[in-house]
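Visitor: File name work.cif; file contents mmCIF, C-alpha atoms and all ligand atoms; full text below.
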```
data_structure
loop_
_atom_site.group_PDB
_atom_site.id
_atom_site.type_symbol
_atom_site.label_atom_id
_atom_site.label_comp_id
_atom_site.auth_asym_id
_atom_site.auth_seq_id
_atom_site.Cartn_x
_atom_site.Cartn_y
_atom_site.Cartn_z
ATOM 1 C CA MET R 1 18.269 0.126 -2.533
ATOM 2 C CA ASP R 2 18.525 3.334 -0.589
ATOM 3 C CA ILE R 3 18.001 2.455 3.098
ATOM 4 C CA GLU R 4 17.171 6.033 4.107
ATOM 5 C CA LYS R 5 14.523 6.240 1.389
ATOM 6 C CA ILE R 6 12.987 2.956 2.591
ATOM 7 C CA LYS R 7 12.899 4.163 6.219
ATOM 8 C CA LYS R 8 11.124 7.337 5.061
ATOM 9 C CA GLU R 9 8.561 5.264 3.149
ATOM 10 C CA ILE R 10 7.916 3.034 6.197
ATOM 11 C CA VAL R 11 7.345 6.150 8.340
ATOM 12 C CA GLU R 12 5.017 7.775 5.783
ATOM 13 C CA VAL R 13 2.904 4.667 5.187
ATOM 14 C CA SER R 14 2.721 4.017 8.974
ATOM 15 C CA ARG R 15 1.217 7.476 9.450
ATOM 16 C CA PHE R 16 -1.242 7.021 6.585
ATOM 17 C CA MET R 17 -2.388 3.713 8.097
ATOM 18 C CA TYR R 18 -2.950 5.422 11.449
ATOM 19 C CA ASN R 19 -4.645 8.470 9.930
ATOM 20 C CA ARG R 20 -7.018 6.298 7.877
ATOM 21 C CA GLY R 21 -7.966 4.324 11.011
ATOM 22 C CA TYR R 22 -6.571 1.004 9.821
ATOM 23 C CA ILE R 23 -4.594 0.693 13.080
ATOM 24 C CA THR R 24 -4.699 2.320 16.500
ATOM 25 C CA SER R 25 -1.484 4.023 17.570
ATOM 26 C CA LYS R 26 0.505 0.970 18.650
ATOM 27 C CA GLU R 27 -1.053 -1.612 16.362
ATOM 28 C CA GLY R 28 0.234 -2.879 13.037
ATOM 29 C CA ASN R 29 3.720 -3.289 11.643
ATOM 30 C CA LEU R 30 5.539 -2.660 8.369
ATOM 31 C CA SER R 31 8.725 -4.112 6.946
ATOM 32 C CA TYR R 32 11.072 -4.253 3.955
ATOM 33 C CA LYS R 33 13.542 -6.952 2.999
ATOM 34 C CA VAL R 34 16.773 -5.667 1.510
ATOM 35 C CA ASP R 35 19.331 -8.339 0.605
ATOM 36 C CA ASN R 36 19.937 -10.210 3.860
ATOM 37 C CA PHE R 37 18.457 -7.494 6.058
ATOM 38 C CA ILE R 38 14.983 -6.775 7.357
ATOM 39 C CA LEU R 39 13.838 -3.239 8.213
ATOM 40 C CA ILE R 40 10.791 -3.232 10.490
ATOM 41 C CA THR R 41 8.759 -0.922 12.721
ATOM 42 C CA PRO R 42 9.590 -1.118 16.436
ATOM 43 C CA SER R 43 7.368 -2.568 19.118
ATOM 44 C CA GLY R 44 5.356 -0.099 21.187
ATOM 45 C CA THR R 45 6.103 3.176 19.370
ATOM 46 C CA PRO R 46 2.889 4.973 18.346
ATOM 47 C CA LYS R 47 2.685 5.010 14.544
ATOM 48 C CA PHE R 48 1.781 8.705 14.444
ATOM 49 C CA LYS R 49 5.060 9.531 16.243
ATOM 50 C CA ILE R 50 7.355 7.106 14.479
ATOM 51 C CA LYS R 51 10.593 8.494 12.987
ATOM 52 C CA GLU R 52 13.181 7.130 10.552
ATOM 53 C CA ASP R 53 15.631 6.509 13.422
ATOM 54 C CA ASP R 54 13.070 4.249 15.161
ATOM 55 C CA ILE R 55 13.063 1.685 12.324
ATOM 56 C CA VAL R 56 14.840 -1.506 13.434
ATOM 57 C CA VAL R 57 17.386 -2.949 10.973
ATOM 58 C CA LEU R 58 18.403 -6.580 11.550
ATOM 59 C CA ASP R 59 20.418 -9.237 9.754
ATOM 60 C CA ILE R 60 17.921 -11.979 8.856
ATOM 61 C CA GLU R 61 20.278 -14.724 10.030
ATOM 62 C CA ASP R 62 20.459 -13.060 13.456
ATOM 63 C CA VAL R 63 16.635 -12.945 13.569
ATOM 64 C CA ARG R 64 16.520 -16.683 12.825
ATOM 65 C CA LYS R 65 18.777 -17.205 15.841
ATOM 66 C CA GLY R 66 16.235 -15.325 17.966
ATOM 67 C CA LEU R 67 17.659 -11.777 17.969
ATOM 68 C CA LYS R 68 14.913 -9.205 17.555
ATOM 69 C CA MET R 69 16.037 -6.162 19.583
ATOM 70 C CA ASN R 70 12.938 -3.970 19.946
ATOM 71 C CA ALA R 71 11.470 -5.035 16.602
ATOM 72 C CA SER R 72 7.745 -5.684 16.289
ATOM 73 C CA SER R 73 6.628 -8.932 17.910
ATOM 74 C CA GLU R 74 5.309 -9.969 14.475
ATOM 75 C CA ILE R 75 8.800 -10.044 12.896
ATOM 76 C CA PHE R 76 8.696 -13.841 12.571
ATOM 77 C CA THR R 77 5.372 -13.637 10.709
ATOM 78 C CA HIS R 78 6.977 -11.187 8.260
ATOM 79 C CA LEU R 79 9.996 -13.466 7.918
ATOM 80 C CA ALA R 80 7.752 -16.467 7.145
ATOM 81 C CA CYS R 81 6.208 -14.438 4.289
ATOM 82 C CA TYR R 82 9.637 -13.476 2.887
ATOM 83 C CA ASP R 83 10.775 -17.108 3.178
ATOM 84 C CA THR R 84 7.693 -18.237 1.223
ATOM 85 C CA ASP R 85 8.315 -15.979 -1.777
ATOM 86 C CA ASP R 86 11.685 -14.436 -2.486
ATOM 87 C CA SER R 87 10.163 -11.813 -4.811
ATOM 88 C CA VAL R 88 8.199 -10.153 -1.962
ATOM 89 C CA LYS R 89 9.885 -6.826 -1.174
ATOM 90 C CA CYS R 90 7.756 -5.421 1.627
ATOM 91 C CA ILE R 91 4.857 -6.240 3.937
ATOM 92 C CA LEU R 92 2.310 -4.358 5.996
ATOM 93 C CA HIS R 93 0.069 -5.671 8.738
ATOM 94 C CA ALA R 94 -3.053 -3.781 9.890
ATOM 95 C CA HIS R 95 -6.326 -4.232 11.767
ATOM 96 C CA PRO R 96 -8.932 -2.773 9.361
ATOM 97 C CA GLU R 97 -12.315 -2.718 11.092
ATOM 98 C CA ASN R 98 -14.727 -3.751 8.345
ATOM 99 C CA THR R 99 -12.509 -6.509 6.997
ATOM 100 C CA ILE R 100 -12.259 -7.952 10.522
ATOM 101 C CA LEU R 101 -16.035 -7.643 10.975
ATOM 102 C CA LEU R 102 -16.651 -9.658 7.818
ATOM 103 C CA ASN R 103 -14.145 -12.251 8.976
ATOM 104 C CA LEU R 104 -15.905 -12.493 12.349
ATOM 105 C CA LEU R 105 -19.202 -12.963 10.521
ATOM 106 C CA ASN R 106 -17.581 -15.774 8.535
ATOM 107 C CA GLU R 107 -18.269 -14.069 5.236
ATOM 108 C CA ASP R 108 -16.652 -15.543 2.170
ATOM 109 C CA PHE R 109 -14.278 -12.885 0.819
ATOM 110 C CA LYS R 110 -13.755 -14.728 -2.417
ATOM 111 C CA LYS R 111 -17.405 -14.904 -3.420
ATOM 112 C CA LYS R 112 -18.777 -11.702 -2.040
ATOM 113 C CA ILE R 113 -16.181 -8.959 -2.194
ATOM 114 C CA LEU R 114 -14.090 -10.005 -5.076
ATOM 115 C CA PHE R 115 -16.666 -9.913 -7.834
ATOM 116 C CA GLU R 116 -15.850 -6.173 -7.920
ATOM 117 C CA ALA R 117 -12.439 -5.964 -6.293
ATOM 118 C CA GLU R 118 -10.833 -9.062 -7.736
ATOM 119 C CA TYR R 119 -9.101 -7.093 -10.450
ATOM 120 C CA PHE R 120 -7.191 -5.044 -7.856
ATOM 121 C CA LEU R 121 -6.804 -7.541 -5.038
ATOM 122 C CA GLY R 122 -6.494 -10.977 -6.587
ATOM 123 C CA ASP R 123 -7.334 -14.028 -4.521
ATOM 124 C CA ILE R 124 -7.600 -13.464 -0.761
ATOM 125 C CA TYR R 125 -6.467 -16.184 1.617
ATOM 126 C CA VAL R 126 -8.067 -16.526 5.063
ATOM 127 C CA SER R 127 -5.646 -18.130 7.518
ATOM 128 C CA GLU R 128 -6.306 -20.298 10.523
ATOM 129 C CA TYR R 129 -6.435 -18.538 13.890
ATOM 130 C CA ALA R 130 -3.144 -18.112 15.770
ATOM 131 C CA THR R 131 -2.246 -15.900 18.717
ATOM 132 C CA PRO R 132 -0.516 -12.768 17.336
ATOM 133 C CA GLY R 133 3.242 -12.575 17.830
ATOM 134 C CA THR R 134 3.688 -16.298 18.560
ATOM 135 C CA PRO R 135 5.601 -18.900 16.480
ATOM 136 C CA GLU R 136 2.172 -20.283 15.461
ATOM 137 C CA GLY R 137 1.361 -16.847 14.032
ATOM 138 C CA ALA R 138 4.275 -17.288 11.619
ATOM 139 C CA GLU R 139 3.363 -20.866 10.736
ATOM 140 C CA VAL R 140 -0.212 -20.061 9.616
ATOM 141 C CA VAL R 141 1.126 -17.797 6.843
ATOM 142 C CA ARG R 142 4.179 -19.860 5.861
ATOM 143 C CA GLY R 143 3.781 -21.312 2.378
ATOM 144 C CA VAL R 144 0.831 -19.043 1.501
ATOM 145 C CA LYS R 145 1.575 -17.350 -1.846
ATOM 146 C CA ASN R 146 -1.404 -14.927 -1.876
ATOM 147 C CA ASP R 147 -0.529 -11.224 -1.575
ATOM 148 C CA ILE R 148 -3.456 -10.644 0.796
ATOM 149 C CA ILE R 149 -3.947 -12.798 3.854
ATOM 150 C CA VAL R 150 -6.807 -12.223 6.290
ATOM 151 C CA LEU R 151 -5.591 -13.452 9.678
ATOM 152 C CA ASP R 152 -8.554 -15.086 11.380
ATOM 153 C CA LYS R 153 -9.984 -12.920 14.215
ATOM 154 C CA HIS R 154 -6.993 -10.595 13.997
ATOM 155 C CA GLY R 155 -6.262 -8.471 10.892
ATOM 156 C CA VAL R 156 -4.594 -8.559 7.487
ATOM 157 C CA ILE R 157 -1.163 -9.072 5.953
ATOM 158 C CA ILE R 158 -0.541 -7.403 2.593
ATOM 159 C CA LYS R 159 2.626 -8.175 0.637
ATOM 160 C CA SER R 160 4.038 -6.250 -2.287
ATOM 161 C CA LYS R 161 6.696 -6.942 -4.872
ATOM 162 C CA LYS R 162 6.795 -3.184 -5.567
ATOM 163 C CA ASP R 163 6.622 -0.890 -2.524
ATOM 164 C CA LEU R 164 4.608 -0.128 0.631
ATOM 165 C CA TRP R 165 2.407 2.366 -1.211
ATOM 166 C CA ASP R 166 1.260 -0.475 -3.464
ATOM 167 C CA ALA R 167 0.416 -2.536 -0.339
ATOM 168 C CA PHE R 168 -1.346 0.468 1.214
ATOM 169 C CA PHE R 169 -3.515 1.020 -1.898
ATOM 170 C CA LYS R 170 -4.605 -2.635 -1.715
ATOM 171 C CA LEU R 171 -5.436 -2.196 1.976
ATOM 172 C CA GLU R 172 -7.617 0.815 1.103
ATOM 173 C CA ILE R 173 -9.493 -1.110 -1.595
ATOM 174 C CA LEU R 174 -9.963 -4.154 0.640
ATOM 175 C CA GLU R 175 -11.370 -2.052 3.469
ATOM 176 C CA LYS R 176 -13.602 -0.042 1.118
ATOM 177 C CA TYR R 177 -15.225 -3.176 -0.317
ATOM 178 C CA SER R 178 -15.449 -4.779 3.123
ATOM 179 C CA SER R 179 -17.255 -1.671 4.371
ATOM 180 C CA LEU R 180 -19.702 -1.741 1.445
ATOM 181 C CA LEU R 181 -20.402 -5.427 1.882
ATOM 182 C CA TYR R 182 -20.804 -5.131 5.653
ATOM 183 C CA LYS R 183 -23.377 -2.348 5.247
ATOM 184 C CA TYR R 184 -25.149 -4.250 2.475
ATOM 185 C CA LEU R 185 -25.444 -7.302 4.721
ATOM 186 C CA LEU R 186 -26.754 -5.185 7.615
ATOM 187 C CA PHE R 187 -29.488 -3.585 5.544
ATOM 188 C CA ASN R 188 -30.436 -6.780 3.760
ATOM 189 C CA LYS R 189 -30.619 -9.005 6.747
ATOM 190 C CA GLN R 190 -33.463 -11.479 6.275
HETATM 191 ZN ZN ZN R 201 -1.947 -7.541 14.625
#
```
Produce structure tokens that represent the structure in this file.
Guide:
Amino acid sequence: MDIEKIKKEIVEVSRFMYNRGYITSKEGNLSYKVDNFILITPSGTPKFKIKEDDIVVLDIEDVRKGLKMNASSEIFTHLACYDTDDSVKCILHAHPENTILLNLLNEDFKKKILFEAEYFLGDIYVSEYATPGTPEGAEVVRGVKNDIIVLDKHGVIIKSKKDLWDAFFKLEILEKYSSLLYKYLLFNKQ
């Protein structure tokens, strides 16, 4: 795979996520796995300013030994997802407002959103709560095969076997249906 092309895709999807309001400037993270390497967004760089040269490239074995340079603090969560399913090519993590609201309200994504969106999104997994960026944050997603994971009281992880645009499209659909359901629940409150 062409590393420069992947870096460009990470930068473009980062900016779309910011522009659509799915993250604030320093939130979220995006990665690709290429052979034994992981390419990931850096910690602390605003997503609307991010450039190809900012993308951190690390040997996965070095990451396992604890090396992370200035990679996102969520790198171990991404790694746990790649370890779970070798066919996953890339991952994005965002904080979409309406999806988080539904999670906070304890709404059942499977029953209430997916009657319409199931075709596009498949089965959504809601993880246990873990503090973001900690080893526990990686453990709550390890072994979960679903492409979409709602991280309790935190955000979402979306994996793709294709590319980051595919993950981004799923994020858009998830947030759209979450927004519709949230408004429906507000107006139909008994
Ligand atoms: Zn997060």
Visitor: Check the smallest atom-to-atom distance from each of R:Leu181, R:Leu92, R:Met69, R:Leu186 to Phe109 (chain R) using only C-alpha atoms, then report the winner.
Guide: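 Of R:Leu181, R:Leu92, R:Met69, R:Leu186, the one nearest Phe109 (chain R) is R:Leu181, counting only C-alpha atoms.
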Visitor: Given the file shown, determine the residues that the PyMOL selection byres (((not hetatm)) within 6 of (chain R and resi 201)) selects; report them as a VMD selection string.
Guide: chain R and resid 28 154 to 155
Visitor: Can you tell me, as a PyMOL selection string, what residues are no more than 12 Å from Asp62 (chain R) when counting all atoms listed in the file, ignoring any on the same chain fewer than 2 positions away?
Guide: chain R and resi 36-38+57-60+64-69+76+79
Visitor: I would like the residues chosen by the PyMOL selection byres (((chain R and resi 149) around 7) and not hetatm) on the shown file; could you give them as an mmCIF file with C-alpha atoms, in the frame of the given file?
Guide:
```
data_model
loop_
_atom_site.group_PDB
_atom_site.id
_atom_site.type_symbol
_atom_site.label_atom_id
_atom_site.label_comp_id
_atom_site.auth_asym_id
_atom_site.auth_seq_id
_atom_site.Cartn_x
_atom_site.Cartn_y
_atom_site.Cartn_z
ATOM 1 C CA ILE R 124 -7.600 -13.464 -0.761
ATOM 2 C CA TYR R 125 -6.467 -16.184 1.617
ATOM 3 C CA VAL R 126 -8.067 -16.526 5.063
ATOM 4 C CA SER R 127 -5.646 -18.130 7.518
ATOM 5 C CA ASN R 146 -1.404 -14.927 -1.876
ATOM 6 C CA ASP R 147 -0.529 -11.224 -1.575
ATOM 7 C CA ILE R 148 -3.456 -10.644 0.796
ATOM 8 C CA VAL R 150 -6.807 -12.223 6.290
ATOM 9 C CA LEU R 151 -5.591 -13.452 9.678
ATOM 10 C CA VAL R 156 -4.594 -8.559 7.487
ATOM 11 C CA ILE R 157 -1.163 -9.072 5.953
ATOM 12 C CA ILE R 158 -0.541 -7.403 2.593
#
```
Visitor: From the options R:Ile40, R:Ile173, R:Leu180, R:Val34, which residue's atoms come nearest to Glu118 (chain R), counting only C-alpha atoms?
Guide: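 Among the listed residues, the smallest separation from Glu118 (chain R) belongs to R:Ile173.
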Visitor: Expand the PyMOL selection byres (((chain R and resi 129) around 9) and not hetatm) into the explicit residue set it covers here, and present it as a count of residues only.
Guide: 12
Visitor: Report the distance between CA of Gly21 (chain R) and CA of Thr41 (chain R) in Å, rounded to one decimal place.
Guide: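 About the pair CA of Gly21 (chain R) and CA of Thr41 (chain R): they are 17.6 Å apart.
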Visitor: Could you add N, CA and C atoms to region 13-36 of chain R and give me the result as a CSV table (one decimal), in the coordinates of the input?
Guide:
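Dumped everything to out-v4.csv:
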```csv
chain,number,residue,atom,x,y,z
R,13,VAL,N,4.0,5.6,5.3
R,13,VAL,CA,2.9,4.7,5.2
R,13,VAL,C,2.3,4.3,6.6
R,14,SER,N,3.2,4.2,7.6
R,14,SER,CA,2.7,4.0,9.0
R,14,SER,C,1.7,5.1,9.4
R,15,ARG,N,2.1,6.3,9.1
R,15,ARG,CA,1.2,7.5,9.4
R,15,ARG,C,-0.1,7.5,8.7
R,16,PHE,N,0.0,7.1,7.4
R,16,PHE,CA,-1.2,7.0,6.6
R,16,PHE,C,-2.1,5.9,7.2
R,17,MET,N,-1.6,4.8,7.5
R,17,MET,CA,-2.4,3.7,8.1
R,17,MET,C,-3.1,4.2,9.4
R,18,TYR,N,-2.4,4.9,10.2
R,18,TYR,CA,-3.0,5.4,11.4
R,18,TYR,C,-4.0,6.5,11.1
R,19,ASN,N,-3.7,7.4,10.2
R,19,ASN,CA,-4.6,8.5,9.9
R,19,ASN,C,-5.9,8.0,9.3
R,20,ARG,N,-5.8,6.9,8.5
R,20,ARG,CA,-7.0,6.3,7.9
R,20,ARG,C,-7.8,5.4,8.8
R,21,GLY,N,-7.2,5.2,10.0
R,21,GLY,CA,-8.0,4.3,11.0
R,21,GLY,C,-7.8,2.8,10.8
R,22,TYR,N,-6.8,2.4,10.1
R,22,TYR,CA,-6.6,1.0,9.8
R,22,TYR,C,-5.8,0.3,11.0
R,23,ILE,N,-5.3,1.2,11.9
R,23,ILE,CA,-4.6,0.7,13.1
R,23,ILE,C,-4.8,1.7,14.2
R,24,THR,N,-4.8,1.3,15.4
R,24,THR,CA,-4.7,2.3,16.5
R,24,THR,C,-3.2,2.6,16.7
R,25,SER,N,-2.9,3.5,17.6
R,25,SER,CA,-1.5,4.0,17.6
R,25,SER,C,-0.4,3.0,17.7
R,26,LYS,N,-0.6,1.9,18.5
R,26,LYS,CA,0.5,1.0,18.6
R,26,LYS,C,0.3,-0.3,17.9
R,27,GLU,N,-0.8,-0.4,17.1
R,27,GLU,CA,-1.1,-1.6,16.4
R,27,GLU,C,-0.3,-1.6,15.0
R,28,GLY,N,-0.3,-2.8,14.4
R,28,GLY,CA,0.2,-2.9,13.0
R,28,GLY,C,1.8,-2.9,13.0
R,29,ASN,N,2.3,-3.3,11.9
R,29,ASN,CA,3.7,-3.3,11.6
R,29,ASN,C,4.0,-3.3,10.1
R,30,LEU,N,5.2,-2.8,9.8
R,30,LEU,CA,5.5,-2.7,8.4
R,30,LEU,C,7.0,-3.0,8.2
R,31,SER,N,7.3,-3.7,7.1
R,31,SER,CA,8.7,-4.1,6.9
R,31,SER,C,9.1,-4.1,5.5
R,32,TYR,N,10.4,-4.1,5.3
R,32,TYR,CA,11.1,-4.3,4.0
R,32,TYR,C,12.2,-5.3,4.1
R,33,LYS,N,12.4,-6.1,3.0
R,33,LYS,CA,13.5,-7.0,3.0
R,33,LYS,C,14.5,-6.4,2.0
R,34,VAL,N,15.7,-6.2,2.4
R,34,VAL,CA,16.8,-5.7,1.5
R,34,VAL,C,18.0,-6.6,1.7
R,35,ASP,N,18.3,-7.3,0.6
R,35,ASP,CA,19.3,-8.3,0.6
R,35,ASP,C,19.1,-9.3,1.8
R,36,ASN,N,20.1,-9.3,2.7
R,36,ASN,CA,19.9,-10.2,3.9
R,36,ASN,C,19.5,-9.5,5.1
```
